[in-house]
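Printed here is work.cif (mmCIF, C-alpha atoms):
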data_structure
loop_
_atom_site.label_atom_id
_atom_site.label_comp_id
_atom_site.auth_asym_id
_atom_site.auth_seq_id
_atom_site.Cartn_x
_atom_site.Cartn_y
_atom_site.Cartn_z
CA MET A 131 34.41 -48.50 31.85
CA SER A 132 30.68 -48.57 32.37
CA TYR A 133 29.43 -49.38 35.86
CA GLU A 134 25.90 -50.08 34.64
CA ARG A 135 26.13 -53.86 34.48
CA SER A 136 27.25 -56.66 36.70
CA VAL A 137 29.31 -59.56 35.44
CA SER A 138 26.12 -61.62 35.17
CA ALA A 139 25.13 -59.43 32.22
CA PRO A 140 26.34 -60.26 28.69
CA ASP A 141 28.65 -58.50 26.27
CA HIS A 142 31.06 -56.45 28.32
CA ALA A 143 34.75 -56.42 29.03
CA LEU A 144 35.51 -58.16 32.33
CA SER A 145 37.60 -56.42 34.93
CA PRO A 146 36.40 -57.74 38.29
CA GLU A 147 36.48 -55.64 41.43
CA THR A 148 39.30 -56.43 43.86
CA VAL A 149 38.73 -53.74 46.51
CA TRP A 150 35.96 -53.20 49.01
CA HIS A 151 35.47 -50.33 51.40
CA ILE A 152 32.88 -49.04 53.84
CA ASP A 153 31.90 -45.50 54.77
CA MET A 154 29.91 -44.86 57.90
CA PRO A 155 28.77 -41.91 60.02
CA GLU A 156 29.81 -41.72 63.66
CA ILE A 157 27.29 -43.90 65.48
CA ARG A 158 26.02 -43.34 69.02
CA PHE A 159 23.59 -46.05 70.15
CA GLY A 160 21.70 -46.75 73.35
CA ARG A 161 18.85 -45.88 75.67
CA ASP A 162 18.68 -42.13 76.30
CA SER A 163 21.56 -41.44 73.92
CA THR A 164 19.48 -38.36 73.03
CA GLU A 165 21.04 -36.84 76.15
CA GLU A 166 24.43 -36.97 74.38
CA LEU A 167 23.22 -35.17 71.24
CA ALA A 168 24.83 -31.86 72.20
CA PHE A 169 28.10 -33.66 72.92
CA GLN A 170 27.86 -35.30 69.49
CA LEU A 171 27.36 -31.91 67.84
CA ARG A 172 30.35 -30.47 69.68
CA ASP A 173 32.39 -33.48 68.62
CA LEU A 174 31.60 -32.60 65.00
CA GLY A 175 32.98 -29.10 65.51
CA VAL A 176 29.80 -27.11 66.16
CA ASP A 177 30.75 -23.79 67.81
CA GLU A 178 29.25 -22.27 70.96
CA ASP A 179 27.29 -19.58 69.10
CA ALA A 180 25.99 -21.95 66.40
CA ARG A 181 22.42 -21.93 65.15
CA GLY A 182 20.90 -25.15 63.87
CA LEU A 183 17.74 -26.70 62.47
CA VAL A 184 15.78 -29.78 63.50
CA VAL A 185 13.96 -31.26 60.48
CA THR A 186 10.97 -33.34 61.58
CA ASP A 187 7.19 -33.66 61.12
CA GLU A 188 4.07 -32.50 62.92
CA ASN A 189 3.39 -35.88 64.51
CA LEU A 190 6.74 -35.92 66.27
CA VAL A 191 6.12 -32.38 67.49
CA ASP A 192 2.74 -33.46 68.89
CA ILE A 193 4.27 -36.54 70.57
CA GLY A 194 6.95 -34.41 72.20
CA HIS A 195 10.04 -35.91 70.59
CA ALA A 196 10.90 -32.69 68.76
CA ASP A 197 10.75 -30.66 71.97
CA ARG A 198 12.91 -33.23 73.73
CA VAL A 199 15.59 -33.11 71.04
CA ALA A 200 15.51 -29.32 70.65
CA GLY A 201 15.63 -28.98 74.44
CA GLU A 202 18.82 -31.03 74.68
CA ILE A 203 20.43 -28.76 72.09
CA ARG A 204 19.30 -25.53 73.75
CA GLU A 205 20.33 -26.73 77.20
CA ASP A 206 23.89 -26.81 75.90
CA GLY A 207 23.65 -23.17 74.88
CA LEU A 208 23.10 -23.68 71.16
CA SER A 209 20.29 -22.04 69.21
CA VAL A 210 17.94 -24.21 67.17
CA ASP A 211 14.85 -23.80 64.98
CA VAL A 212 12.36 -26.56 64.15
CA TYR A 213 10.97 -27.32 60.69
CA ASP A 214 7.99 -29.67 61.04
CA ASP A 215 6.56 -29.80 57.51
CA SER A 216 8.36 -32.91 56.26
CA GLU A 217 5.98 -35.16 54.34
CA ARG A 218 5.75 -38.95 54.08
CA GLU A 219 7.55 -40.31 51.02
CA PRO A 220 8.77 -36.74 50.29
CA SER A 221 8.42 -35.25 46.84
CA VAL A 222 11.09 -33.14 45.21
CA GLU A 223 9.01 -30.03 45.76
CA ALA A 224 8.35 -30.84 49.43
CA VAL A 225 12.11 -30.97 50.02
CA ALA A 226 12.51 -27.77 47.98
CA ASP A 227 10.08 -26.13 50.45
CA CYS A 228 12.38 -27.08 53.33
CA ILE A 229 15.36 -25.67 51.43
CA GLU A 230 13.46 -22.43 50.84
CA PHE A 231 12.66 -22.27 54.57
CA VAL A 232 16.36 -22.52 55.35
CA ARG A 233 17.26 -19.78 52.88
CA GLU A 234 14.58 -17.48 54.25
CA GLU A 235 15.45 -18.08 57.91
CA ALA A 236 19.23 -18.43 57.77
CA GLY A 237 20.31 -17.01 54.41
CA GLU A 238 21.95 -18.68 51.42
CA ALA A 239 24.70 -20.15 53.63
CA GLY A 240 22.10 -21.92 55.74
CA TYR A 241 22.34 -23.13 59.32
CA ASP A 242 25.49 -24.10 61.20
CA PHE A 243 24.22 -27.64 61.78
CA TYR A 244 21.23 -29.86 61.02
CA VAL A 245 19.41 -32.63 62.89
CA GLY A 246 17.02 -34.97 61.08
CA LEU A 247 14.49 -36.50 63.49
CA GLY A 248 11.95 -39.11 62.41
CA GLY A 249 11.52 -41.90 59.92
CA GLY A 250 13.28 -42.17 56.60
CA SER A 251 11.20 -39.36 55.09
CA CYS A 252 12.28 -36.79 57.67
CA MET A 253 15.89 -37.96 57.55
CA ASP A 254 16.02 -37.89 53.74
CA THR A 255 14.52 -34.40 53.76
CA ALA A 256 17.27 -33.28 56.13
CA LYS A 257 19.96 -34.98 54.03
CA VAL A 258 18.94 -33.35 50.76
CA THR A 259 18.33 -29.97 52.39
CA ARG A 260 21.80 -29.88 53.92
CA ALA A 261 23.43 -31.00 50.65
CA VAL A 262 21.59 -28.57 48.37
CA ILE A 263 22.23 -25.63 50.71
CA ALA A 264 25.94 -26.48 50.59
CA ASN A 265 26.09 -26.95 46.82
CA GLY A 266 23.43 -24.51 45.61
CA GLY A 267 20.52 -24.85 43.27
CA HIS A 268 17.54 -27.20 43.45
CA PRO A 269 17.23 -30.93 44.31
CA THR A 270 16.66 -31.83 40.65
CA ASP A 271 20.15 -30.56 39.84
CA TYR A 272 21.53 -33.64 41.63
CA ILE A 273 19.04 -36.30 40.50
CA ALA A 274 20.39 -38.47 37.69
CA GLU A 275 19.44 -37.77 34.10
CA PRO A 276 16.96 -37.74 32.42
CA THR A 277 14.79 -36.73 35.41
CA GLY A 278 17.40 -34.31 36.74
CA GLU A 279 20.66 -32.74 35.67
CA GLY A 280 22.93 -35.38 37.19
CA GLU A 281 25.35 -32.87 38.69
CA PRO A 282 27.76 -34.19 41.34
CA LEU A 283 27.55 -33.04 44.93
CA GLU A 284 30.96 -31.53 45.62
CA ASP A 285 30.44 -30.59 49.27
CA SER A 286 28.65 -32.32 52.14
CA GLY A 287 27.91 -29.08 53.99
CA GLU A 288 27.61 -28.28 57.69
CA PRO A 289 27.38 -31.08 60.28
CA LEU A 290 24.31 -33.32 60.06
CA VAL A 291 23.12 -35.71 62.77
CA LEU A 292 20.26 -38.12 62.10
CA MET A 293 18.00 -39.58 64.79
CA PRO A 294 15.61 -42.36 63.71
CA THR A 295 12.28 -42.81 65.47
CA THR A 296 11.58 -46.03 63.54
CA ALA A 297 13.54 -49.27 63.26
CA GLY A 298 13.67 -49.89 59.56
CA THR A 299 14.71 -47.43 56.88
CA GLY A 300 18.45 -47.22 57.51
CA ALA A 301 18.40 -43.62 56.26
CA GLU A 302 20.58 -42.63 59.21
CA ILE A 303 23.63 -44.30 57.65
CA SER A 304 22.65 -44.42 53.97
CA PRO A 305 24.40 -42.38 51.25
CA VAL A 306 21.14 -42.19 49.30
CA ALA A 307 18.05 -40.01 49.69
CA ILE A 308 14.84 -41.09 47.95
CA LEU A 309 12.47 -38.47 46.54
CA SER A 310 9.23 -38.92 44.63
CA VAL A 311 8.53 -37.17 41.33
CA PRO A 312 4.71 -37.21 41.27
CA GLU A 313 4.29 -35.83 37.76
CA LYS A 314 6.27 -38.79 36.38
CA GLU A 315 4.95 -41.35 38.90
CA ILE A 316 8.50 -42.38 39.76
CA LYS A 317 10.94 -42.19 42.63
CA GLU A 318 14.52 -41.09 42.21
CA GLY A 319 17.56 -41.27 44.45
CA ILE A 320 20.24 -38.70 45.07
CA SER A 321 23.21 -40.96 45.63
CA SER A 322 26.51 -39.62 46.96
CA ASN A 323 28.74 -39.93 49.96
CA ASN A 324 28.13 -36.20 50.37
CA VAL A 325 24.49 -37.04 51.15
CA ARG A 326 25.49 -39.29 54.04
CA ALA A 327 25.14 -37.86 57.56
CA ASP A 328 28.15 -37.11 59.73
CA ALA A 329 26.68 -38.91 62.73
CA ALA A 330 23.69 -40.97 63.82
CA VAL A 331 22.24 -41.03 67.33
CA LEU A 332 20.00 -44.07 67.81
CA ASP A 333 17.90 -43.95 70.97
CA PRO A 334 15.40 -46.82 71.46
CA THR A 335 13.27 -44.62 73.74
CA LEU A 336 12.36 -42.55 70.67
CA THR A 337 10.77 -45.63 69.03
CA THR A 338 8.33 -46.76 71.75
CA THR A 339 5.59 -44.41 70.51
CA LEU A 340 5.58 -46.02 67.06
CA PRO A 341 2.19 -47.74 66.53
CA PRO A 342 1.98 -51.48 65.72
CA ASP A 343 1.35 -51.10 61.98
CA LEU A 344 4.32 -48.79 61.43
CA THR A 345 6.48 -50.95 63.69
CA ALA A 346 5.75 -53.94 61.45
CA LYS A 347 6.10 -52.08 58.17
CA THR A 348 9.46 -50.52 59.02
CA ALA A 349 10.69 -53.86 60.36
CA MET A 350 9.97 -55.48 57.01
CA ASP A 351 12.09 -52.82 55.32
CA ALA A 352 14.93 -53.58 57.73
CA LEU A 353 14.60 -57.32 57.11
CA GLY A 354 14.63 -56.59 53.40
CA HIS A 355 17.94 -54.76 53.72
CA ALA A 356 19.45 -57.66 55.64
CA ILE A 357 18.20 -60.40 53.30
CA GLU A 358 19.00 -58.53 50.12
CA GLY A 359 22.43 -57.58 51.44
CA TYR A 360 23.13 -61.23 52.27
CA THR A 361 22.08 -62.53 48.86
CA THR A 362 23.27 -59.85 46.44
CA HIS A 363 26.41 -60.10 44.30
CA GLU A 364 29.76 -60.49 46.01
CA TYR A 365 31.84 -57.36 45.56
CA ASP A 366 34.38 -59.19 43.38
CA SER A 367 31.65 -60.29 40.97
CA LEU A 368 31.07 -56.67 39.98
CA LEU A 369 33.05 -54.43 37.68
CA ARG A 370 36.01 -52.47 38.95
CA PRO A 371 36.00 -48.76 38.12
CA THR A 372 39.00 -47.21 36.41
CA ASP A 373 38.80 -44.40 39.00
CA PRO A 374 38.12 -45.28 42.66
CA ALA A 375 36.03 -42.12 42.93
CA GLU A 376 33.55 -43.73 40.52
CA ARG A 377 32.97 -46.78 42.69
CA PRO A 378 29.22 -46.78 43.45
CA VAL A 379 27.81 -46.61 46.95
CA TYR A 380 26.13 -50.01 46.46
CA ALA A 381 29.23 -52.12 45.81
CA GLY A 382 28.35 -55.74 46.54
CA ARG A 383 28.46 -57.95 49.61
CA THR A 384 31.65 -58.47 51.59
CA PRO A 385 32.61 -60.60 54.61
CA LEU A 386 31.83 -57.59 56.80
CA THR A 387 28.35 -56.99 55.39
CA GLU A 388 27.56 -60.71 55.67
CA MET A 389 28.24 -60.63 59.40
CA PHE A 390 25.94 -57.64 59.82
CA SER A 391 23.22 -59.33 57.74
CA GLU A 392 23.30 -62.45 59.89
CA LYS A 393 23.06 -60.52 63.15
CA ALA A 394 20.34 -58.25 61.78
CA ILE A 395 18.17 -61.20 60.74
CA ASP A 396 18.58 -62.75 64.19
CA LEU A 397 17.65 -59.55 66.04
CA LEU A 398 14.76 -58.56 63.80
CA SER A 399 13.09 -61.93 63.29
CA ASN A 400 13.25 -62.78 67.00
CA ASN A 401 11.97 -59.43 68.33
CA VAL A 402 9.49 -58.04 65.80
CA ARG A 403 6.49 -59.97 67.14
CA THR A 404 7.08 -58.59 70.64
CA ALA A 405 7.73 -55.05 69.39
CA VAL A 406 4.51 -55.06 67.36
CA HIS A 407 2.26 -56.61 70.00
CA ASN A 408 3.88 -54.99 73.06
CA GLY A 409 5.39 -51.70 71.95
CA ASP A 410 6.39 -50.68 75.47
CA ASP A 411 8.89 -53.56 75.70
CA LEU A 412 12.07 -51.48 75.62
CA GLU A 413 14.38 -54.47 75.26
CA ALA A 414 12.54 -55.57 72.13
CA ARG A 415 12.60 -52.01 70.81
CA GLU A 416 16.32 -51.77 71.46
CA ASN A 417 16.97 -55.06 69.67
CA MET A 418 14.84 -53.91 66.74
CA LEU A 419 16.68 -50.61 66.41
CA GLN A 420 20.03 -52.37 66.59
CA GLY A 421 18.87 -54.96 64.04
CA ALA A 422 17.69 -52.23 61.69
CA LEU A 423 21.06 -50.49 61.99
CA PHE A 424 22.93 -53.71 61.24
CA GLY A 425 20.61 -54.49 58.34
CA ALA A 426 21.24 -51.05 56.89
CA ILE A 427 25.00 -51.42 57.22
CA ALA A 428 24.69 -54.69 55.30
CA GLY A 429 22.06 -53.91 52.69
CA LEU A 430 22.86 -50.27 52.08
CA THR A 431 26.55 -51.04 51.62
CA ALA A 432 26.27 -54.29 49.67
CA GLY A 433 23.23 -53.04 47.80
CA ALA A 434 19.49 -53.48 47.82
CA SER A 435 18.26 -55.39 44.81
CA LEU A 436 15.15 -56.50 42.87
CA CYS A 437 12.62 -56.16 45.69
CA HIS A 438 13.53 -52.55 46.42
CA ALA A 439 13.67 -51.78 42.70
CA MET A 440 10.10 -53.06 42.30
CA ALA A 441 8.90 -51.26 45.43
CA TYR A 442 9.61 -47.75 44.19
CA PRO A 443 7.20 -47.74 41.20
CA VAL A 444 4.51 -49.30 43.40
CA GLY A 445 4.97 -46.77 46.17
CA ASN A 446 5.02 -43.79 43.88
CA LYS A 447 1.94 -44.73 41.85
CA TYR A 448 -0.22 -46.11 44.67
CA HIS A 449 1.18 -44.07 47.60
CA THR A 450 1.86 -47.15 49.69
CA THR A 451 4.38 -47.00 52.51
CA HIS A 452 7.80 -48.35 51.61
CA GLY A 453 7.98 -51.00 54.33
CA GLU A 454 4.64 -52.66 53.58
CA THR A 455 5.54 -52.68 49.88
CA ILE A 456 8.80 -54.46 50.64
CA ALA A 457 6.84 -56.92 52.80
CA VAL A 458 4.49 -58.02 50.04
CA LEU A 459 7.20 -58.19 47.35
CA THR A 460 9.93 -60.07 49.24
CA PRO A 461 8.51 -63.63 48.96
CA ALA A 462 8.19 -63.50 45.16
CA SER A 463 11.27 -61.42 44.39
CA THR A 464 14.10 -61.85 46.88
CA ILE A 465 13.21 -65.41 47.87
CA ASP A 466 11.53 -67.09 44.90
CA TYR A 467 13.15 -65.39 41.92
CA ASN A 468 16.61 -64.67 43.28
CA SER A 469 17.09 -68.02 45.01
CA ALA A 470 18.15 -69.54 41.67
CA SER A 471 21.28 -67.40 41.82
CA ASP A 472 22.72 -69.38 44.76
CA PRO A 473 20.35 -72.00 46.25
CA SER A 474 22.67 -72.98 49.09
CA ARG A 475 22.82 -69.37 50.32
CA PHE A 476 19.04 -69.30 50.58
CA ALA A 477 19.11 -72.60 52.44
CA ASP A 478 21.45 -70.89 54.92
CA LEU A 479 18.93 -68.05 55.19
CA ALA A 480 16.24 -70.56 56.10
CA GLU A 481 18.33 -71.73 59.05
CA MET A 482 18.78 -68.10 60.17
CA PHE A 483 14.98 -67.81 60.26
CA GLY A 484 14.80 -70.86 62.50
CA VAL A 485 13.85 -73.47 59.93
CA ASP A 486 15.08 -77.00 60.64
CA THR A 487 16.58 -77.80 57.23
CA ASP A 488 17.99 -81.20 58.17
CA GLY A 489 17.36 -83.60 55.31
CA MET A 490 16.04 -80.89 52.97
CA THR A 491 17.36 -80.07 49.54
CA ASP A 492 18.30 -76.45 48.94
CA ARG A 493 15.05 -75.97 47.01
CA GLU A 494 13.00 -77.44 49.82
CA ALA A 495 14.81 -75.24 52.33
CA THR A 496 14.09 -72.16 50.21
CA ASP A 497 10.40 -73.09 50.04
CA ALA A 498 10.42 -73.46 53.82
CA LEU A 499 12.11 -70.04 54.13
CA LYS A 500 9.35 -68.46 52.09
CA ALA A 501 6.69 -70.14 54.23
CA GLU A 502 8.39 -68.98 57.43
CA TYR A 503 8.69 -65.40 56.15
CA VAL A 504 5.01 -65.34 55.17
CA GLN A 505 4.02 -66.80 58.54
CA LEU A 506 5.99 -64.06 60.29
CA GLN A 507 3.99 -61.45 58.40
CA ARG A 508 0.72 -63.17 59.23
CA ASP A 509 1.64 -63.32 62.92
CA LEU A 510 2.06 -59.55 62.98
CA ASN A 511 -1.58 -59.24 61.87
CA VAL A 512 -1.16 -55.75 60.38
CA LEU A 513 0.41 -56.44 56.97
CA PRO A 514 -1.39 -56.95 53.64
CA SER A 515 -1.52 -60.40 52.07
CA GLY A 516 -0.24 -59.21 48.71
CA LEU A 517 -0.33 -56.43 46.15
CA ASP A 518 -4.07 -56.93 45.70
CA GLU A 519 -4.83 -56.15 49.34
CA LEU A 520 -2.06 -53.55 49.53
CA ALA A 521 -3.40 -51.28 46.79
CA GLY A 522 -5.94 -53.12 44.66
CA ILE A 523 -3.25 -53.97 42.11
CA THR A 524 -4.41 -56.43 39.47
CA GLU A 525 -2.93 -58.36 36.57
CA GLU A 526 -3.77 -55.45 34.27
CA ASP A 527 -1.45 -53.14 36.24
CA VAL A 528 1.73 -55.18 36.19
CA ASP A 529 2.94 -54.38 32.67
CA TRP A 530 3.41 -50.71 33.57
CA LEU A 531 5.00 -51.58 36.92
CA ALA A 532 7.45 -53.97 35.27
CA GLU A 533 8.41 -51.42 32.63
CA GLN A 534 8.97 -48.72 35.24
CA THR A 535 11.10 -51.06 37.36
CA VAL A 536 13.44 -51.93 34.52
CA GLU A 537 13.58 -48.42 33.05
CA THR A 538 13.99 -46.36 36.24
CA GLN A 539 15.75 -48.63 38.74
CA LYS A 540 18.98 -49.62 37.00
CA ARG A 541 20.95 -48.42 40.03
CA LEU A 542 19.42 -51.21 42.14
CA LEU A 543 19.14 -53.87 39.46
CA ARG A 544 22.88 -53.59 38.82
CA THR A 545 23.59 -55.56 41.98
CA ASN A 546 20.73 -58.05 41.67
CA PRO A 547 22.26 -61.54 41.89
CA ARG A 548 20.21 -62.84 38.96
CA PRO A 549 19.81 -61.13 35.56
CA VAL A 550 16.41 -59.50 35.14
CA THR A 551 14.28 -58.78 32.07
CA GLU A 552 11.01 -56.90 31.91
CA ASP A 553 9.16 -60.21 31.41
CA ASP A 554 10.84 -61.61 34.52
CA VAL A 555 9.73 -58.63 36.58
CA ARG A 556 6.20 -58.93 35.25
CA ASP A 557 6.05 -62.55 36.40
CA VAL A 558 7.34 -61.60 39.85
CA PHE A 559 4.67 -58.91 40.18
CA LEU A 560 2.03 -61.49 39.27
CA ASP A 561 3.37 -63.87 41.92
CA ALA A 562 3.18 -61.08 44.51
CA LEU A 563 -0.52 -60.31 43.98
CA TYR A 564 -1.41 -62.90 46.65
CA ASN A 565 1.05 -64.26 49.23
CA TRP A 566 -1.60 -66.08 51.24
CA GLU A 567 -5.33 -66.68 51.20
CA GLU A 568 -7.43 -64.54 53.52
CA THR A 569 -9.56 -66.54 55.95
#
Please go through the file and, once you have read it, give me the structure as structure tokens.
Amino acid sequence: MSYERSVSAPDHALSPETVWHIDMPEIRFGRDSTEELAFQLRDLGVDEDARGLVVTDENLVDIGHADRVAGEIREDGLSVDVYDDSEREPSVEAVADCIEFVREEAGEAGYDFYVGLGGGSCMDTAKVTRAVIANGGHPTDYIAEPTGEGEPLEDSGEPLVLMPTTAGTGAEISPVAILSVPEKEIKEGISSNNVRADAAVLDPTLTTTLPPDLTAKTAMDALGHAIEGYTTHEYDSLLRPTDPAERPVYAGRTPLTEMFSEKAIDLLSNNVRTAVHNGDDLEARENMLQGALFGAIAGLTAGASLCHAMAYPVGNKYHTTHGETIAVLTPASTIDYNSASDPSRFADLAEMFGVDTDGMTDREATDALKAEYVQLQRDLNVLPSGLDELAGITEEDVDWLAEQTVETQKRLLRTNPRPVTEDDVRDVFLDALYNWEET
């Protein structure tokens, strides 16, 4: 049975899903939880004479976070190297460089453990590096056809702990790593439970150095996970695989993911203004990091949908950051277009964002939700007003973007709650050119 379509698509044999499940790394959360990193490594079976690698970037070395994390490991008697050449929105070849570093420094078998420290780019670099070292070859071997070979990852490899320094991407718990393929102007995901980390250590004190613009951008990604996870297909509206091993990692919303979505929206929407405008407020930072975690549990289990699918072609062609791309696309895609799938659910979302919906129709409540979401972005004062301001995207550009979305992002569109055609996506891109008028 094909898993390429949801039951909202035509012409397929119906066998609805009846089972849901959730996979999750061990999670250690709280202020100064960095001090328990060595304990976490020991808990994963790391031996006394082990040698590991911290995968990070130059900025986090300069700030001092890399030294802090490596110091905690060394203080426990373990040996650790630091790789600081991770790049933003990492390309396949950039990750291949990290893999080559590992093979040169530690041999084909690699290190005894790995720690990914940073935003989603650093964490995804660590995830793919660990997986490819364990399984052999090159990252493209595990990217789906036709870009890659589509080989399965049979082994997860040595222990991997991820430590986010942003509140947004959810890479610390996600079973997917996103890599860019510059020569094709696309992004591809390596999707497997053997990509997922063994543990995540989330320390709010590692996020206070994040500047206002990146705080806002990553927050919009986290909100996107929560909203998309809350509004995507229910798990039992998707197709059931004949083999449980073939059940995809994005498997539809469940009662559990709905609870996490609701709490994530509350934490993120009520703390992001403070975190952006007063980054030293540790309580706000803690609430943001917890909200981002909950949003990831929701959206990256239930499944991201149309907005994320549209964001990848934009980010790869125009080199925009993922979070700001999600920010400008959400009003037109997740809210406007997808609200027709279940208007009452979007009315509920409006209430979660603090809208007084008393006396409103579901359509009016959805319009108010969109206005509230846009106002939130405007209050942050660091986000673009639409695709035009984001990257100079015009009406002439949207045909290619729509084609790329439909052709390369089937993995995400499978769980979109409303069927999507290329013409539909084109219209959504046009709507997202301007979310508000600049004054």
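A straight line drawn from atom CA of Val212 of chain A to atom CA of Glu165 of chain A is 18.0 Å long.
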Residues of segment 439-490 of chain A that approach segment 303-318 of chain A to 6 Å or less, counting all atoms listed in the file: could you list each one with the shortest pair of atoms and its distance in Å to one decimal, rows by chain and increasing residue number, as a tab-separated table?
residue	atom	partner	partner_atom	distance
A:Tyr442	CA	A:Lys317	CA	5.9
A:Pro443	CA	A:Ile316	CA	5.7
A:Asn446	CA	A:Glu315	CA	5.5
A:Lys447	CA	A:Glu315	CA	5.4
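With atom CA of Leu436 of chain A on one side and atom CA of Glu281 of chain A on the other, the separation reads 26.1 Å.
Between Val232 of chain A and the residues A:Gly280, A:Gly182, A:Gly194, A:Gly421, the shortest atom-to-atom distance, using all atoms listed in the file, involves A:Gly182.
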Can you list every residue of segment 405-513 of chain A that has an atom at most 6 Å from segment 342-362 of chain A, with its nearest atom pair and the distance in Å to one decimal, using only C-alpha atoms, ordered by chain then number, as a Markdown table?
| residue | atom | partner | partner_atom | distance |
| --- | --- | --- | --- | --- |
| A:Val406 | CA | A:Pro342 | CA | 4.7 |
| A:Ala422 | CA | A:Ala352 | CA | 5.0 |
| A:Gly425 | CA | A:Ala356 | CA | 4.3 |
| A:Ala426 | CA | A:His355 | CA | 5.9 |
| A:Ala428 | CA | A:Gly359 | CA | 5.3 |
| A:Gly429 | CA | A:Gly359 | CA | 3.9 |
| A:Ala432 | CA | A:Gly359 | CA | 5.4 |
| A:Gly433 | CA | A:Gly359 | CA | 5.9 |
| A:Ala434 | CA | A:Glu358 | CA | 5.6 |
| A:Gly453 | CA | A:Lys347 | CA | 4.4 |
| A:Glu454 | CA | A:Lys347 | CA | 4.9 |
| A:Ile456 | CA | A:Asp351 | CA | 6.0 |
| A:Ala457 | CA | A:Met350 | CA | 5.4 |
| A:Val512 | CA | A:Asp343 | CA | 5.5 |
Take the residues from that selection and write them out as a JSON list (two decimals), in the frame of the given file, keeping C-alpha atoms.
[["chain", "number", "residue", "atom", "x", "y", "z"],
["A", 406, "VAL", "CA", 4.51, -55.06, 67.36],
["A", 422, "ALA", "CA", 17.69, -52.23, 61.69],
["A", 425, "GLY", "CA", 20.61, -54.49, 58.34],
["A", 426, "ALA", "CA", 21.24, -51.05, 56.89],
["A", 428, "ALA", "CA", 24.69, -54.69, 55.30],
["A", 429, "GLY", "CA", 22.06, -53.91, 52.69],
["A", 432, "ALA", "CA", 26.27, -54.29, 49.67],
["A", 433, "GLY", "CA", 23.23, -53.04, 47.80],
["A", 434, "ALA", "CA", 19.49, -53.48, 47.82],
["A", 453, "GLY", "CA", 7.98, -51.00, 54.33],
["A", 454, "GLU", "CA", 4.64, -52.66, 53.58],
["A", 456, "ILE", "CA", 8.80, -54.46, 50.64],
["A", 457, "ALA", "CA", 6.84, -56.92, 52.80],
["A", 512, "VAL", "CA", -1.16, -55.75, 60.38]]
Neighbour residues at most 9 Å from (17.1, -49.7, 68.1) (all atoms listed in the file) as a ChimeraX atom specification
/A:159-161,294-297,332-337,414-423
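Closest to Asp472 of chain A among A:Asp192, A:Asp497, A:Asp492, A:Asn265 is A:Asp492, based on only C-alpha atoms.
For the residues A:Val444, A:Leu510, A:Ile395, A:Val199, ranking by smallest atom-to-atom distance to Ala480 of chain A using only C-alpha atoms places A:Ile395 first.
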Which residue gives the smallest distance to Ala274 of chain A among A:Ser145, A:Ser286, A:Asn408, A:Thr538, with only C-alpha atoms counted?
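Closest residue, counting only C-alpha atoms: A:Thr538.
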Of the candidates A:Pro269, A:Pro547, A:Gly298, A:Gly201, which shows the shortest atom-to-atom distance to Val325 of chain A, using all atoms listed in the file?
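With all atoms listed in the file as the atom set, the closest residue is A:Pro269.
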Run the PyMOL selection byres ((chain A and resi 285) around 12) on the file and write out the hits as an MDAnalysis selection string.
chainID A and resid 258 260:266 281:284 286:289 322:326
Please dump the current selection as a tab-separated table (two decimals), keeping the file's coordinate frame; keep C-alpha atoms.
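File out05.tsv, as written:
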chain	number	residue	atom	x	y	z
A	258	VAL	CA	18.94	-33.35	50.76
A	260	ARG	CA	21.80	-29.88	53.92
A	261	ALA	CA	23.43	-31.00	50.65
A	262	VAL	CA	21.59	-28.57	48.37
A	263	ILE	CA	22.23	-25.63	50.71
A	264	ALA	CA	25.94	-26.48	50.59
A	265	ASN	CA	26.09	-26.95	46.82
A	266	GLY	CA	23.43	-24.51	45.61
A	281	GLU	CA	25.35	-32.87	38.69
A	282	PRO	CA	27.76	-34.19	41.34
A	283	LEU	CA	27.55	-33.04	44.93
A	284	GLU	CA	30.96	-31.53	45.62
A	286	SER	CA	28.65	-32.32	52.14
A	287	GLY	CA	27.91	-29.08	53.99
A	288	GLU	CA	27.61	-28.28	57.69
A	289	PRO	CA	27.38	-31.08	60.28
A	322	SER	CA	26.51	-39.62	46.96
A	323	ASN	CA	28.74	-39.93	49.96
A	324	ASN	CA	28.13	-36.20	50.37
A	325	VAL	CA	24.49	-37.04	51.15
A	326	ARG	CA	25.49	-39.29	54.04
Ranking A:Val222, A:Gly246, A:Arg475, A:Thr148 by minimum distance to Asp187 of chain A and counting all atoms listed in the file, which one comes first?
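Nearest to Asp187 of chain A: A:Gly246.
Against the coordinates shown, the PyMOL selection byres ((chain A and resi 218-220) around 6) returns A:Glu217, A:Ser221, A:Ala224, A:Ser251, A:Leu309.
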Could you write those residues out with C-alpha atoms, as a short mmCIF file (atom, residue, chain, number, x, y, z; two decimals), in the coordinates of the input?
data_model
loop_
_atom_site.label_atom_id
_atom_site.label_comp_id
_atom_site.auth_asym_id
_atom_site.auth_seq_id
_atom_site.Cartn_x
_atom_site.Cartn_y
_atom_site.Cartn_z
CA GLU A 217 5.98 -35.16 54.34
CA SER A 221 8.42 -35.25 46.84
CA ALA A 224 8.35 -30.84 49.43
CA SER A 251 11.20 -39.36 55.09
CA LEU A 309 12.47 -38.47 46.54
#
Students should find that atom CA of Asp557 of chain A and atom CA of Ser469 of chain A are spaced 15.0 Å
Could you list the residues chosen by the PyMOL selection byres ((chain A and resi 178) around 8) in this structure as a PDB file with C-alpha atoms, keeping the file's coordinate frame?
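What landed in result.pdb:
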ATOM      1  CA  VAL A 176      29.800 -27.110  66.160  1.00  0.00           C
ATOM      2  CA  ASP A 177      30.750 -23.790  67.810  1.00  0.00           C
ATOM      3  CA  ASP A 179      27.290 -19.580  69.100  1.00  0.00           C
ATOM      4  CA  ALA A 180      25.990 -21.950  66.400  1.00  0.00           C
ATOM      5  CA  GLY A 207      23.650 -23.170  74.880  1.00  0.00           C
ATOM      6  CA  LEU A 208      23.100 -23.680  71.160  1.00  0.00           C
TER       7      LEU A 208
END
